[in-house]
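Student: Data file protein_2.txt (compact mmCIF, C-alpha atoms and all ligand atoms) is appended below.
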```
# COMPACT_ATOMS: atom_id res chain seq x y z
CA MET U 223 88.16 104.71 127.01
CA ASP U 224 86.36 102.69 124.36
CA GLN U 225 88.68 99.73 123.64
CA SER U 226 87.05 99.12 120.27
CA ARG U 227 88.33 102.47 118.92
CA LEU U 228 91.46 102.15 116.84
CA TYR U 229 94.41 104.47 116.27
CA ASN U 230 96.31 104.89 113.05
CA VAL U 231 100.01 104.64 113.94
CA ARG U 232 102.49 105.74 111.26
CA MET U 233 106.23 106.01 111.16
CA ARG U 234 108.74 107.58 108.78
CA ALA U 235 112.49 107.70 109.10
CA SER U 236 115.18 109.31 106.98
CA GLU U 237 118.92 109.98 106.94
CA SER U 238 120.71 113.38 106.93
CA ALA U 239 117.48 115.43 107.10
CA SER U 240 113.70 114.98 107.10
CA HIS U 241 112.14 113.79 103.83
CA GLU U 242 110.82 117.26 103.00
CA ASN U 243 114.29 118.71 103.51
CA GLY U 244 115.90 116.29 101.10
CA GLY U 245 116.88 113.45 103.46
CA LYS U 246 117.29 109.89 102.18
CA HIS U 247 114.25 107.72 102.93
CA ILE U 248 115.12 104.88 105.32
CA SER U 249 111.83 103.33 106.37
CA GLY U 250 108.10 103.84 106.74
CA GLY U 251 105.36 101.86 108.44
CA GLU U 252 101.66 101.82 109.14
CA LEU U 253 99.45 99.96 111.55
CA LEU U 254 96.12 100.18 113.36
CA SER U 255 96.18 99.75 117.13
CA SER U 256 93.86 99.70 120.11
CA TYR U 257 94.62 102.15 122.92
CA ARG U 258 95.76 99.22 125.11
CA ASP U 259 98.32 98.08 122.51
CA LEU U 260 99.62 101.54 121.59
CA ARG U 261 102.93 101.18 123.48
CA MET U 262 103.66 97.86 121.75
CA SER U 263 102.60 99.25 118.37
CA VAL U 264 104.88 102.27 118.68
CA ASN U 265 107.75 99.96 119.70
CA THR U 266 107.13 97.73 116.67
CA LEU U 267 107.52 100.70 114.33
CA LEU U 268 110.45 102.09 116.33
CA ASP U 269 112.29 98.74 115.94
CA LYS U 270 111.56 98.78 112.23
CA ALA U 271 113.05 102.26 111.88
CA LEU U 272 116.13 101.56 113.98
CA ASN U 273 117.09 98.25 112.34
CA HIS U 274 116.97 98.90 108.66
CA SER U 275 119.22 97.78 105.85
CA ARG U 276 118.95 101.24 104.18
CA GLY U 277 120.80 102.87 107.09
CA LYS U 278 120.39 104.58 110.46
CA PRO U 279 117.84 107.39 110.71
CA ASP U 280 118.71 110.96 111.69
CA PHE U 281 115.06 111.95 111.46
CA LEU U 282 112.32 109.73 112.90
CA GLN U 283 108.65 110.49 113.39
CA ILE U 284 105.93 108.29 114.87
CA GLN U 285 102.40 109.63 114.92
CA CYS U 286 99.26 108.19 116.58
CA GLU U 287 95.82 109.42 115.62
CA ILE U 288 92.37 108.14 116.57
CA ILE U 289 90.27 106.80 113.68
CA ASN U 290 86.84 108.36 113.46
CA GLN U 291 85.57 106.88 110.19
CA PRO U 292 83.94 103.40 109.96
CA ILE U 293 86.48 100.66 109.22
CA LYS U 294 85.96 98.55 106.10
CA ARG U 295 86.95 94.87 106.17
CA LEU U 296 88.41 93.19 103.09
CA SER U 297 89.50 89.63 102.32
CA PRO U 298 93.16 89.39 101.32
CA LEU U 299 93.99 89.00 97.64
CA THR U 300 94.92 85.44 96.68
CA VAL U 301 98.69 84.93 96.77
CA GLN U 302 100.92 83.04 94.38
CA THR U 303 104.75 82.95 94.38
CA ASN U 304 106.54 82.77 91.03
CA ASP U 305 110.12 81.54 91.35
CA VAL U 306 112.38 82.99 88.69
CA THR U 307 116.11 82.51 88.18
CA THR U 308 117.10 85.97 86.88
CA VAL U 309 115.92 89.58 87.19
CA GLU U 310 115.31 89.64 83.41
CA GLU U 311 112.99 86.63 83.70
CA GLY U 312 111.25 88.29 86.67
CA GLN U 313 110.74 91.58 84.83
CA ASP U 314 109.42 89.79 81.71
CA LEU U 315 106.93 87.99 83.91
CA ALA U 316 105.93 91.27 85.61
CA ARG U 317 105.17 92.84 82.20
CA TYR U 318 103.18 89.78 81.15
CA LEU U 319 101.14 89.88 84.38
CA LEU U 320 100.47 93.63 84.05
CA GLU U 321 99.07 92.99 80.58
CA LYS U 322 96.97 90.10 81.89
CA ALA U 323 95.61 92.43 84.58
CA GLY U 324 94.43 94.87 81.89
CA VAL U 325 97.23 97.39 81.30
CA PRO U 326 97.81 97.89 77.54
CA LYS U 327 101.21 96.63 76.36
CA ASP U 328 102.37 99.99 74.93
CA MET U 329 101.50 101.75 78.20
CA ILE U 330 103.52 99.18 80.17
CA ALA U 331 106.49 99.93 77.90
CA LYS U 332 105.98 103.68 78.37
CA ALA U 333 105.79 103.30 82.15
CA TYR U 334 108.96 101.18 82.24
CA LYS U 335 110.84 103.85 80.29
CA GLN U 336 110.00 106.37 83.04
CA ILE U 337 110.97 104.16 86.01
CA PRO U 338 114.71 105.11 86.02
CA GLU U 339 113.75 108.82 86.28
CA TYR U 340 111.73 108.36 89.46
CA SER U 341 113.09 108.88 92.91
CA VAL U 342 109.87 108.87 94.88
CA ARG U 343 109.24 107.54 98.38
CA GLY U 344 105.49 106.85 97.93
CA ALA U 345 103.58 105.39 95.01
CA ILE U 346 103.21 106.96 91.61
CA LEU U 347 99.97 106.82 89.62
CA ILE U 348 100.07 106.09 85.88
CA ASP U 349 97.05 106.46 83.61
CA ILE U 350 96.56 103.28 81.53
CA HIS U 351 95.28 105.27 78.52
CA THR U 352 98.16 107.74 78.22
CA GLY U 353 101.02 106.08 80.11
CA GLU U 354 101.54 109.46 81.82
CA ARG U 355 102.11 110.01 85.51
CA VAL U 356 99.01 111.66 87.00
CA ASP U 357 99.56 112.01 90.76
CA GLY U 358 101.44 115.31 90.56
CA ARG U 359 103.19 114.61 93.86
CA ILE U 360 106.74 115.02 92.47
CA ASP U 361 109.23 113.27 94.80
CA LYS U 362 106.72 112.49 97.57
CA GLY U 363 104.29 110.27 95.67
CA VAL U 364 101.19 108.90 97.37
CA ARG U 365 101.40 107.21 100.76
CA VAL U 366 98.67 104.63 101.36
CA SER U 367 97.64 104.76 104.99
CA LYS U 368 95.16 103.53 107.65
CA MET U 369 95.34 99.78 107.07
CA ASP U 370 96.36 96.65 108.93
CA TRP U 371 95.75 92.94 109.46
CA GLN U 372 95.41 91.66 113.01
CA ARG U 373 98.17 89.25 113.94
CA ASP U 374 96.06 86.20 114.91
CA ASN U 375 94.03 86.32 111.73
CA PHE U 376 97.15 86.84 109.57
CA GLU U 377 98.91 83.90 111.24
CA LYS U 378 95.85 81.67 110.75
CA TRP U 379 95.78 82.65 107.07
CA ALA U 380 99.55 82.06 106.65
CA LYS U 381 99.28 78.61 108.24
CA SER U 382 96.37 77.62 106.05
CA LYS U 383 98.23 78.79 102.90
CA ALA U 384 101.58 77.31 104.06
CA VAL U 385 103.32 80.66 103.56
CA SER U 386 105.79 82.24 105.98
CA THR U 387 104.63 84.92 108.42
CA ASN U 388 107.07 87.33 106.73
CA PRO U 389 106.12 90.86 107.91
CA ARG U 390 107.04 92.36 104.53
CA LEU U 391 104.62 90.04 102.79
CA LYS U 392 101.96 91.00 105.33
CA GLU U 393 102.48 94.75 104.92
CA ALA U 394 102.64 94.59 101.13
CA LEU U 395 99.61 92.30 100.86
CA VAL U 396 97.58 94.61 103.12
CA LEU U 397 98.50 97.59 100.94
CA ALA U 398 97.90 95.79 97.63
CA THR U 399 94.52 94.47 98.84
CA LYS U 400 93.43 97.97 99.82
CA VAL U 401 94.66 99.57 96.59
CA CYS U 402 93.28 96.88 94.25
CA ASN U 403 89.89 97.00 95.95
CA HIS U 404 89.23 100.39 94.36
CA LYS U 405 87.58 100.09 90.93
CA SER U 406 89.95 102.67 89.38
CA THR U 407 93.04 100.55 90.17
CA ILE U 408 93.84 98.23 87.26
CA ALA U 409 97.11 96.86 88.68
CA GLU U 410 100.00 97.54 91.02
CA LEU U 411 103.70 96.91 90.29
CA CYS U 412 106.10 96.94 93.25
CA TRP U 413 109.58 96.03 94.37
CA SER U 414 111.32 97.04 97.55
CA ASP U 415 113.83 99.84 98.07
CA ASP U 416 115.61 97.64 100.64
CA PRO U 417 118.95 96.51 99.16
CA ASP U 418 118.64 92.98 100.55
CA TYR U 419 115.09 92.25 99.36
CA THR U 420 114.64 91.26 95.73
CA THR U 421 111.09 89.86 95.77
CA GLY U 422 108.41 92.11 94.35
CA TYR U 423 104.93 91.64 92.92
CA VAL U 424 102.24 92.50 90.44
CA ALA U 425 98.74 92.65 91.94
CA SER U 426 95.22 93.21 90.74
CA LYS U 427 91.73 92.10 91.65
CA ASN U 428 91.62 89.51 88.85
CA ILE U 429 95.14 88.02 89.02
CA GLY U 430 95.58 88.37 92.81
CA TYR U 431 98.92 89.09 94.48
CA GLN U 432 101.60 87.55 92.24
CA ARG U 433 104.95 87.49 93.99
CA ILE U 434 108.05 87.34 91.77
CA THR U 435 111.24 86.27 93.55
CA GLN U 436 113.63 88.51 91.58
CA LEU U 437 112.60 91.93 90.32
CA LYS U 438 115.91 93.64 91.05
CA HIS U 439 119.53 92.79 91.84
CA HIS U 440 120.77 92.31 95.39
CA GLY U 441 122.30 95.56 96.72
CA ASP U 442 120.10 97.82 94.58
CA GLU U 443 118.42 100.53 96.72
CA LYS U 444 116.01 101.67 94.05
CA GLY U 445 112.44 100.59 94.70
CA CYS U 446 109.30 100.95 92.62
CA ARG U 447 105.60 101.28 93.40
CA ILE U 448 103.24 102.13 90.55
CA PHE U 449 99.45 102.08 90.59
CA PHE U 450 98.06 101.79 87.04
CA VAL U 451 94.76 103.63 87.10
CA ASP U 452 91.75 104.02 84.82
CA SER U 453 88.95 106.58 84.74
CA LEU U 454 90.15 108.86 87.49
CA SER U 455 87.16 111.12 86.99
CA ASP U 456 87.47 112.15 90.59
CA PHE U 457 91.15 112.21 91.47
CA ASN U 458 90.52 113.63 94.97
CA ILE U 459 88.12 110.82 95.89
CA TYR U 460 90.67 108.20 94.78
CA ILE U 461 93.50 109.83 96.76
CA SER U 462 91.27 110.21 99.78
CA TYR U 463 90.41 106.46 99.58
CA LEU U 464 94.14 105.58 99.55
CA GLU U 465 95.10 107.95 102.33
CA GLU U 466 92.04 108.09 104.56
CA GLN U 467 89.75 105.06 104.26
CA PRO U 468 90.54 102.74 107.20
CA ILE U 469 90.84 99.10 106.11
CA LEU U 470 91.28 95.91 108.12
CA ILE U 471 92.11 92.72 106.28
CA GLN U 472 90.01 89.87 107.56
CA TRP U 473 90.41 86.32 106.31
CA GLU U 474 87.47 83.94 106.71
CA GLU U 475 88.30 80.35 105.80
CA GLU U 476 84.72 79.60 104.80
CA HIS U 477 84.64 82.51 102.31
CA ASP U 478 88.02 81.68 100.80
CA THR U 479 88.29 81.27 97.03
CA ARG U 480 90.97 79.87 94.78
CA VAL U 481 92.64 81.97 92.05
CA ASP U 482 90.18 80.62 89.49
CA GLY U 483 87.32 81.94 91.64
CA LYS U 484 86.02 78.48 92.69
CA LYS U 485 85.74 77.43 96.34
C1 LIG M 501 108.75 96.58 100.44
O1 LIG M 501 109.57 95.98 101.14
O2 LIG M 501 108.62 97.78 100.50
C2 LIG M 501 107.92 95.87 99.41
C3 LIG M 501 108.02 94.39 99.49
C4 LIG M 501 107.28 93.73 98.35
C5 LIG M 501 107.27 92.22 98.37
C6 LIG M 501 106.80 91.59 99.63
C7 LIG M 501 106.66 90.08 99.49
O3 LIG M 501 105.64 89.62 98.97
O4 LIG M 501 107.55 89.36 99.92
MG MG M 502 111.35 99.82 102.20
```
Represent the structure of the file as structure tokens.
Tutor:
Amino acid sequence: MDQSRLYNVRMRASESASHENGGKHISGGELLSSYRDLRMSVNTLLDKALNHSRGKPDFLQIQCEIINQPIKRLSPLTVQTNDVTTVEEGQDLARYLLEKAGVPKDMIAKAYKQIPEYSVRGAILIDIHTGERVDGRIDKGVRVSKMDWQRDNFEKWAKSKAVSTNPRLKEALVLATKVCNHKSTIAELCWSDDPDYTTGYVASKNIGYQRITQLKHHGDEKGCRIFFVDSLSDFNIYISYLEEQPILIQWEEEHDTRVDGKK
């Protein structure tokens, strides 16, 4: 067995029935694992599914699959935390940051009008020129997969940046770094569907990963994940990048840059 080969390990859990049969989404998770660490990796995702604030799963699936494509390494987006005192202040800041990232103001307004209609477990894609949803995945949305950040390197990064080793931050930063690395992604807007987690973020290549401490009220189970996209001339290639391209986040202190781009 070649120990350098990695497996994509993914989990999904839902209540009442499976997702495709109308069950309520409880939890999902993604990681990359060596063969040697597979047992531990499966247990990590099993723990996540069994101890979740959205409820106890009645349907739970964990899948392991060898990765055959070359793995691309990316530096994490720069991270900044914006403390806000109300959800209104947080949402105003999110709109401001989306505009700064390159999404036209009227399209941000159009997207926000649609958010209450969505009940999607993955991400939705919105075209920045029309403000229309373009993924066509109805209530499934797009699930970004095949990505991870090895623990030692993540912990070294967190120590150097004086941020906590919060696993949610890690998972979301891995995903945002992968998504924003594609030239067709202009920005991502996200907040959690977990009722006890109010921090969300706006991310893009130019503004980095901008955490906002309140994007929803405590107790609210409605999450949001929107990718604002431009020039999707080849929709299938974009989706295949999100779902299939294996990515490992790799932080190198010597290549680190500040938000303004200087060393
Ligand atoms: C999620 O839980 O699904 C998304 C969490 C987004 C924010 C993570 C953070 O930066 O703390
Ligand atoms: Mg969640």
Student: When you draw a straight line from CA of Ile350 (chain U) to CA of Glu393 (chain U), how long is it in Å?
Tutor: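 CA of Glu393 (chain U) lies 25.6 Å from CA of Ile350 (chain U).
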Student: U:Asp357, U:Asp478, U:Glu311, U:Glu410: which is nearest ligand LIG 501 (chain M), counting only C-alpha atoms and all ligand atoms?
Tutor: U:Glu410
Student: Near Pro338 (chain U), within 12 Å and counting only C-alpha atoms, which residues show up once chain neighbours fewer than 6 positions away are dropped, as a list in words?
Tutor: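 Neighbouring residues, sequence-local ones excluded: Lys332, Lys444, Gly445 and Cys446 of chain U.
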Student: Which centre and which edge lengths, in Å to one decimal, describe the axis-aligned box that holds all listed atoms of ligand LIG 501 (chain M) after 8 Å is added on each side, as lines of an AutoDock Vina configuration file?
Tutor:
```
center_x = 107.6
center_y = 93.6
center_z = 99.7
size_x = 19.9
size_y = 24.4
size_z = 18.8
```
Student: Name each residue within 10 Å of ligand MG 502 (chain M), counting all atoms listed in the file, as a list in words.
Tutor: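 The distance check yields His247, Ile248, Ser249, Gly250, Gly251, His274, Ser275, Arg276, Arg343, Arg390, Trp413, Ser414, Asp415, Asp416, Pro417, Tyr419, Glu443, Lys444, Gly445 and Cys446 of chain U.
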Student: Restricted to C-alpha atoms, what would the selected residues look like written as an mmCIF file, in the frame of the given file?
Tutor:
```cif
data_model
loop_
_atom_site.group_PDB
_atom_site.id
_atom_site.type_symbol
_atom_site.label_atom_id
_atom_site.label_comp_id
_atom_site.auth_asym_id
_atom_site.auth_seq_id
_atom_site.Cartn_x
_atom_site.Cartn_y
_atom_site.Cartn_z
ATOM 1 C CA HIS U 247 114.250 107.720 102.930
ATOM 2 C CA ILE U 248 115.120 104.880 105.320
ATOM 3 C CA SER U 249 111.830 103.330 106.370
ATOM 4 C CA GLY U 250 108.100 103.840 106.740
ATOM 5 C CA GLY U 251 105.360 101.860 108.440
ATOM 6 C CA HIS U 274 116.970 98.900 108.660
ATOM 7 C CA SER U 275 119.220 97.780 105.850
ATOM 8 C CA ARG U 276 118.950 101.240 104.180
ATOM 9 C CA ARG U 343 109.240 107.540 98.380
ATOM 10 C CA ARG U 390 107.040 92.360 104.530
ATOM 11 C CA TRP U 413 109.580 96.030 94.370
ATOM 12 C CA SER U 414 111.320 97.040 97.550
ATOM 13 C CA ASP U 415 113.830 99.840 98.070
ATOM 14 C CA ASP U 416 115.610 97.640 100.640
ATOM 15 C CA PRO U 417 118.950 96.510 99.160
ATOM 16 C CA TYR U 419 115.090 92.250 99.360
ATOM 17 C CA GLU U 443 118.420 100.530 96.720
ATOM 18 C CA LYS U 444 116.010 101.670 94.050
ATOM 19 C CA GLY U 445 112.440 100.590 94.700
ATOM 20 C CA CYS U 446 109.300 100.950 92.620
#
```
Student: Using only C-alpha atoms, which residue out of U:Leu319, U:Val364, U:Leu260, U:Ile461 lies closest to Asn304 (chain U)?
Tutor: U:Leu319
Student: Considering all atoms listed in the file, can you say which of U:Pro279, U:Pro298, U:Gly312, U:Gly441 comes closest to Trp371 (chain U)?
Tutor: U:Pro298
Student: Kindly provide, as a PyMOL selection string, the polymer residues lying within 12 Å of (116.7, 112.3, 107.4), counting only C-alpha atoms and using the coordinates exactly as they appear in the file.
Tutor: chain U and resi 234-249+271+276-283
Student: Please return region 386-397 of chain U, rebuilt to all heavy atoms, as a PDB file, in the coordinates of the input.
Tutor:
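Listing of part06.pdb after writing:
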```pdb
ATOM      1  N   SER U 386     105.117  81.787 104.762  1.00  0.00           N
ATOM      2  CA  SER U 386     105.790  82.240 105.980  1.00  0.00           C
ATOM      3  C   SER U 386     105.089  83.494 106.510  1.00  0.00           C
ATOM      4  O   SER U 386     104.435  84.221 105.753  1.00  0.00           O
ATOM      5  CB  SER U 386     107.256  82.536 105.694  1.00  0.00           C
ATOM      6  OG  SER U 386     107.374  83.844 105.206  1.00  0.00           O
ATOM      7  N   THR U 387     105.267  83.742 107.815  1.00  0.00           N
ATOM      8  CA  THR U 387     104.630  84.920 108.420  1.00  0.00           C
ATOM      9  C   THR U 387     105.553  86.139 108.248  1.00  0.00           C
ATOM     10  O   THR U 387     105.674  86.969 109.143  1.00  0.00           O
ATOM     11  CB  THR U 387     104.318  84.673 109.907  1.00  0.00           C
ATOM     12  OG1 THR U 387     105.505  84.187 110.517  1.00  0.00           O
ATOM     13  CG2 THR U 387     103.188  83.697 110.098  1.00  0.00           C
ATOM     14  N   ASN U 388     106.182  86.236 107.111  1.00  0.00           N
ATOM     15  CA  ASN U 388     107.070  87.330 106.730  1.00  0.00           C
ATOM     16  C   ASN U 388     106.339  88.688 106.852  1.00  0.00           C
ATOM     17  O   ASN U 388     105.337  88.923 106.185  1.00  0.00           O
ATOM     18  CB  ASN U 388     107.485  87.027 105.277  1.00  0.00           C
ATOM     19  CG  ASN U 388     108.295  88.104 104.629  1.00  0.00           C
ATOM     20  OD1 ASN U 388     108.485  89.173 105.195  1.00  0.00           O
ATOM     21  ND2 ASN U 388     108.777  87.818 103.433  1.00  0.00           N
ATOM     22  N   PRO U 389     106.828  89.591 107.735  1.00  0.00           N
ATOM     23  CA  PRO U 389     106.120  90.860 107.910  1.00  0.00           C
ATOM     24  C   PRO U 389     106.072  91.735 106.655  1.00  0.00           C
ATOM     25  O   PRO U 389     105.144  92.513 106.468  1.00  0.00           O
ATOM     26  CB  PRO U 389     106.910  91.575 109.020  1.00  0.00           C
ATOM     27  CG  PRO U 389     108.193  90.852 109.152  1.00  0.00           C
ATOM     28  CD  PRO U 389     108.014  89.474 108.598  1.00  0.00           C
ATOM     29  N   ARG U 390     107.076  91.573 105.781  1.00  0.00           N
ATOM     30  CA  ARG U 390     107.040  92.360 104.530  1.00  0.00           C
ATOM     31  C   ARG U 390     105.895  91.905 103.640  1.00  0.00           C
ATOM     32  O   ARG U 390     105.232  92.708 102.993  1.00  0.00           O
ATOM     33  CB  ARG U 390     108.313  92.161 103.722  1.00  0.00           C
ATOM     34  CG  ARG U 390     109.484  92.858 104.245  1.00  0.00           C
ATOM     35  CD  ARG U 390     110.634  92.308 103.443  1.00  0.00           C
ATOM     36  NE  ARG U 390     111.880  92.620 104.051  1.00  0.00           N
ATOM     37  CZ  ARG U 390     112.554  93.727 103.807  1.00  0.00           C
ATOM     38  NH1 ARG U 390     112.096  94.610 102.975  1.00  0.00           N
ATOM     39  NH2 ARG U 390     113.682  93.947 104.410  1.00  0.00           N
ATOM     40  N   LEU U 391     105.733  90.584 103.578  1.00  0.00           N
ATOM     41  CA  LEU U 391     104.620  90.040 102.790  1.00  0.00           C
ATOM     42  C   LEU U 391     103.311  90.567 103.370  1.00  0.00           C
ATOM     43  O   LEU U 391     102.434  91.032 102.631  1.00  0.00           O
ATOM     44  CB  LEU U 391     104.668  88.502 102.803  1.00  0.00           C
ATOM     45  CG  LEU U 391     103.408  87.786 102.330  1.00  0.00           C
ATOM     46  CD1 LEU U 391     103.079  88.102 100.888  1.00  0.00           C
ATOM     47  CD2 LEU U 391     103.541  86.281 102.503  1.00  0.00           C
ATOM     48  N   LYS U 392     103.194  90.519 104.693  1.00  0.00           N
ATOM     49  CA  LYS U 392     101.960  91.000 105.330  1.00  0.00           C
ATOM     50  C   LYS U 392     101.685  92.456 104.977  1.00  0.00           C
ATOM     51  O   LYS U 392     100.602  92.796 104.501  1.00  0.00           O
ATOM     52  CB  LYS U 392     102.080  90.830 106.859  1.00  0.00           C
ATOM     53  CG  LYS U 392     100.877  91.348 107.606  1.00  0.00           C
ATOM     54  CD  LYS U 392     101.073  91.245 109.102  1.00  0.00           C
ATOM     55  CE  LYS U 392     100.097  92.142 109.825  1.00  0.00           C
ATOM     56  NZ  LYS U 392     100.326  92.215 111.257  1.00  0.00           N
ATOM     57  N   GLU U 393     102.688  93.317 105.173  1.00  0.00           N
ATOM     58  CA  GLU U 393     102.480  94.750 104.920  1.00  0.00           C
ATOM     59  C   GLU U 393     102.133  95.015 103.455  1.00  0.00           C
ATOM     60  O   GLU U 393     101.238  95.803 103.144  1.00  0.00           O
ATOM     61  CB  GLU U 393     103.763  95.537 105.250  1.00  0.00           C
ATOM     62  CG  GLU U 393     103.987  95.702 106.725  1.00  0.00           C
ATOM     63  CD  GLU U 393     105.376  96.243 107.050  1.00  0.00           C
ATOM     64  OE1 GLU U 393     106.014  96.864 106.179  1.00  0.00           O
ATOM     65  OE2 GLU U 393     105.825  96.039 108.195  1.00  0.00           O
ATOM     66  N   ALA U 394     102.864  94.342 102.555  1.00  0.00           N
ATOM     67  CA  ALA U 394     102.640  94.590 101.130  1.00  0.00           C
ATOM     68  C   ALA U 394     101.284  94.042 100.684  1.00  0.00           C
ATOM     69  O   ALA U 394     100.587  94.660  99.876  1.00  0.00           O
ATOM     70  CB  ALA U 394     103.771  93.991 100.302  1.00  0.00           C
ATOM     71  N   LEU U 395     100.907  92.891 101.234  1.00  0.00           N
ATOM     72  CA  LEU U 395      99.610  92.300 100.860  1.00  0.00           C
ATOM     73  C   LEU U 395      98.447  93.152 101.386  1.00  0.00           C
ATOM     74  O   LEU U 395      97.427  93.314 100.708  1.00  0.00           O
ATOM     75  CB  LEU U 395      99.544  90.853 101.371  1.00  0.00           C
ATOM     76  CG  LEU U 395      98.280  90.067 101.072  1.00  0.00           C
ATOM     77  CD1 LEU U 395      97.955  90.027  99.575  1.00  0.00           C
ATOM     78  CD2 LEU U 395      98.405  88.632 101.604  1.00  0.00           C
ATOM     79  N   VAL U 396      98.604  93.705 102.568  1.00  0.00           N
ATOM     80  CA  VAL U 396      97.580  94.610 103.120  1.00  0.00           C
ATOM     81  C   VAL U 396      97.418  95.803 102.174  1.00  0.00           C
ATOM     82  O   VAL U 396      96.300  96.167 101.773  1.00  0.00           O
ATOM     83  CB  VAL U 396      97.972  95.085 104.541  1.00  0.00           C
ATOM     84  CG1 VAL U 396      97.083  96.232 104.990  1.00  0.00           C
ATOM     85  CG2 VAL U 396      97.904  93.938 105.534  1.00  0.00           C
ATOM     86  N   LEU U 397      98.545  96.394 101.812  1.00  0.00           N
ATOM     87  CA  LEU U 397      98.500  97.590 100.940  1.00  0.00           C
ATOM     88  C   LEU U 397      97.895  97.236  99.574  1.00  0.00           C
ATOM     89  O   LEU U 397      96.987  97.925  99.085  1.00  0.00           O
ATOM     90  CB  LEU U 397      99.909  98.161 100.788  1.00  0.00           C
ATOM     91  CG  LEU U 397     100.025  99.451  99.985  1.00  0.00           C
ATOM     92  CD1 LEU U 397     101.170 100.316 100.523  1.00  0.00           C
ATOM     93  CD2 LEU U 397     100.238  99.238  98.499  1.00  0.00           C
TER      94      LEU U 397
END
```
